[in-house]
Amino acid sequence: MVKVIMHGCNGYMGQVVSGLIKDDPEIEIVAGIDLVDCRDNGYPVFTDIDACQVEADAVIDFCSAKAVDKLLDYCVRRKIPVVLCTTGLSQEQLEKVEEASRQVAVLKSANMSVGINLLMKVLKEVAPQLAAAGFDIEVVEKHHRRKVDAPSGTALALADSINEAFEEKYDYTFDRSSRREARPDKEIGISAVRGGTIVGDHDVIFAGTDEVITFSHTAYSRAIFGKGAIQAAKFLTGKGPGWYQMSDVLA
């Protein structure tokens with residue numbers, strides 16, 4: 001049985017993960033961390049992470065960027081692997097993640113969805129063949145009206161997975177409104193749509209002469225990110241120091 005601490009347990013994703021784990025016989029939450037202990041979760045909740053001395057195999061984090069520094073210090077000190085799902089980290093914080101990964105197992109990916117990570121793997125394989133056949137590449141992402149960053153981290157991760165196959169020789173274009181010229185060959189266009197309650201849609205379009213191939217991923221619920229985090233926590237249990245990705249989980 002894998003024992004985890006849920007960091008940000010009373011937030012939306014914390015409750016999603018808690019609900020999923022209740023139905024999983026291979027994993028259990030032994031403690032939660034949140035600023036407010038406002039509900040009966042079925043496990044002890046600590047408002048100060050340093051007060052939590054419960055034995056655990058891993059931490060699943062769905063909290064806020066401002067809480068990440070203290071979380072990393074805690075995990076390094078107690079040598080507990082951490083699945084880091086919080087987004088919007090500063091460059092300084094990312095450097096701290098890298099430093100922590102030298103002392104404890106850290107898993108952080110741009111997207112925790114199993115489907116997205118499998119898609120990135122597929123794109124690395126097919127993109128060179130399609131580009132050689134003259135196909136242009138576009139990434140279009142759609143999210144709810146409240147999402148403040150654009151393009152999404154997932155859209156960039158998809159583009160990066162393609163660009164890795166080309167040894168980083170492609171440039172990214174986010175806006176063509178100021179240009180009056182045909183697109184260059186080595187370009188990946190990335191566009192963002194914001195509206196309504198769209199959880200997350202990502203299309204990778206390969207447009208060739210007289211034919212178009214589109215790879216699509218649609219998230220109907222944020223539960224897919226929770227499922228990925230749980231799978232990652234199981235994978236990370238017992239692992240040595242290092243910065244792991246969801247691609248390692250799916251290898």
# chains A, B, ... in the order shown; residues from 1 in each chain; ligands from 1
$ residues_around --residues "Gly14 of chain A" --least-positions-apart "4" --cutoff "9 Å" --atoms "only C-alpha atoms" --output "MDAnalysis selection string"
chainID A and resid 6:10 18:19 32 60:63 226
$ select_by_dssp --residues "segment 10-210 of chain A" --states "strand (DSSP E)" --output "CSV table (one decimal) with C-alpha atoms, in the first residue's frame"
chain,number,residue,atom,x,y,z
A,27,ILE,CA,-2.9,3.8,-2.3
A,28,GLU,CA,-4.1,5.8,0.6
A,29,ILE,CA,-3.9,9.3,2.0
A,30,VAL,CA,-2.4,9.3,5.5
A,31,ALA,CA,-2.4,13.1,6.0
A,32,GLY,CA,-3.4,16.3,4.4
A,33,ILE,CA,-1.9,19.8,4.4
A,45,VAL,CA,-5.2,17.7,8.2
A,46,PHE,CA,-2.3,19.9,9.3
A,58,ALA,CA,5.3,10.3,-1.3
A,59,VAL,CA,3.6,13.8,-1.4
A,60,ILE,CA,1.1,14.7,-4.0
A,61,ASP,CA,1.0,18.5,-4.5
A,82,VAL,CA,7.1,14.6,-4.3
A,83,VAL,CA,4.7,14.8,-7.3
A,84,LEU,CA,4.7,18.5,-7.9
A,105,ALA,CA,12.9,12.2,-6.1
A,106,VAL,CA,10.8,15.0,-7.7
A,107,LEU,CA,8.3,14.4,-10.5
A,136,ASP,CA,3.3,22.7,-41.9
A,137,ILE,CA,2.8,22.4,-38.1
A,138,GLU,CA,0.3,24.4,-36.0
A,139,VAL,CA,-0.8,23.9,-32.3
A,140,VAL,CA,-4.2,25.3,-31.3
A,141,GLU,CA,-5.3,25.2,-27.6
A,142,LYS,CA,-8.6,26.1,-26.0
A,143,HIS,CA,-9.3,26.8,-22.3
A,171,ASP,CA,10.9,28.7,-34.3
A,172,TYR,CA,7.6,29.4,-32.5
A,173,THR,CA,5.1,32.0,-33.8
A,187,GLU,CA,8.0,27.3,-37.9
A,188,ILE,CA,5.4,26.0,-35.4
A,189,GLY,CA,2.4,28.3,-35.0
A,190,ILE,CA,0.8,28.3,-31.5
A,191,SER,CA,-2.6,29.8,-31.0
A,192,ALA,CA,-4.8,30.2,-27.9
A,193,VAL,CA,-8.6,30.4,-27.5
A,194,ARG,CA,-10.3,31.5,-24.3
A,200,GLY,CA,-8.7,21.9,-22.1
A,201,ASP,CA,-8.6,21.2,-25.8
A,202,HIS,CA,-5.3,20.8,-27.7
A,203,ASP,CA,-5.0,20.2,-31.5
A,204,VAL,CA,-1.7,19.6,-33.3
A,205,ILE,CA,-2.3,20.2,-37.0
A,206,PHE,CA,-0.1,18.9,-39.7
A,207,ALA,CA,-1.2,20.7,-42.9
A,208,GLY,CA,0.1,19.4,-46.2
$ closest_residue --among "A:Leu94, A:Ala131, A:Ala233, A:Met13" --to "Ile162 of chain A" --atoms "only C-alpha atoms"
A:Ala131
$ residues_around --residues "Phe235 of chain A" --least-positions-apart "2" --cutoff "10 Å" --atoms "only C-alpha atoms" --output "NGL selection string"
:A and (2 or 58 or 83 or 107 or 229-233 or 237-239 or 244 or 246 or 248-250)
$ residues_around --residues "Ala110 of chain A" --least-positions-apart "5" --cutoff "7 Å" --atoms "only C-alpha atoms" --output "PyMOL selection string"
chain A and resi 153-154+157
$ closest_residue --among "A:Asp23, A:Thr86, A:Arg180, A:Val148" --to "Asn111 of chain A" --atoms "only C-alpha atoms"
A:Thr86
$ closest_residue --among "A:Thr209, A:Gln129, A:Thr47, A:Gln53" --to "Phe166 of chain A" --atoms "only C-alpha atoms"
A:Gln129
$ atom_distance --atom1 "atom CA of Thr214 of chain A" --atom2 "atom CA of His144 of chain A"
21.7 Å
$ decode --residues "segment 32-90 of chain A" --atoms "C-alpha atoms" --output "tab-separated table (two decimals), in the first residue's frame"
chain	number	residue	atom	x	y	z
A	32	GLY	CA	-3.36	16.32	4.36
A	33	ILE	CA	-1.85	19.81	4.35
A	34	ASP	CA	-3.99	22.93	3.94
A	35	LEU	CA	-4.15	26.42	5.39
A	36	VAL	CA	-7.71	25.76	6.55
A	37	ASP	CA	-8.97	22.54	8.16
A	38	CYS	CA	-12.58	22.99	7.08
A	39	ARG	CA	-13.96	19.49	6.44
A	40	ASP	CA	-13.79	15.87	7.51
A	41	ASN	CA	-11.49	14.25	4.97
A	42	GLY	CA	-11.13	10.93	6.73
A	43	TYR	CA	-7.45	11.65	7.42
A	44	PRO	CA	-5.66	14.18	9.68
A	45	VAL	CA	-5.16	17.65	8.22
A	46	PHE	CA	-2.29	19.94	9.26
A	47	THR	CA	-2.40	23.70	8.69
A	48	ASP	CA	1.41	23.85	9.03
A	49	ILE	CA	3.37	21.36	6.96
A	50	ASP	CA	6.22	21.29	9.47
A	51	ALA	CA	3.83	19.94	12.10
A	52	CYS	CA	3.12	16.86	9.95
A	53	GLN	CA	5.40	14.01	10.98
A	54	VAL	CA	3.23	11.23	9.56
A	55	GLU	CA	5.22	8.53	7.74
A	56	ALA	CA	4.57	8.55	4.00
A	57	ASP	CA	5.99	7.22	0.73
A	58	ALA	CA	5.25	10.34	-1.33
A	59	VAL	CA	3.60	13.76	-1.38
A	60	ILE	CA	1.06	14.74	-4.04
A	61	ASP	CA	0.98	18.52	-4.45
A	62	PHE	CA	-1.90	20.53	-5.91
A	63	CYS	CA	-1.51	23.78	-4.01
A	64	SER	CA	-0.23	27.27	-4.88
A	65	ALA	CA	3.13	28.50	-6.07
A	66	LYS	CA	3.73	30.44	-2.86
A	67	ALA	CA	3.64	27.18	-0.87
A	68	VAL	CA	6.13	25.29	-3.05
A	69	ASP	CA	9.35	26.53	-1.45
A	70	LYS	CA	8.36	25.30	2.01
A	71	LEU	CA	7.09	22.04	0.54
A	72	LEU	CA	10.41	21.35	-1.19
A	73	ASP	CA	12.33	22.08	2.02
A	74	TYR	CA	10.04	19.67	3.88
A	75	CYS	CA	10.44	16.87	1.34
A	76	VAL	CA	14.22	17.25	1.20
A	77	ARG	CA	14.49	17.29	4.99
A	78	ARG	CA	12.31	14.18	5.42
A	79	LYS	CA	13.52	12.50	2.19
A	80	ILE	CA	9.96	12.06	0.90
A	81	PRO	CA	9.47	11.96	-2.91
A	82	VAL	CA	7.07	14.59	-4.25
A	83	VAL	CA	4.73	14.76	-7.25
A	84	LEU	CA	4.74	18.49	-7.94
A	85	CYS	CA	1.57	19.51	-9.82
A	86	THR	CA	1.43	23.21	-8.91
A	87	THR	CA	1.85	25.46	-11.95
A	88	GLY	CA	3.04	29.04	-12.41
A	89	LEU	CA	6.41	28.60	-10.69
A	90	SER	CA	8.99	31.35	-11.09
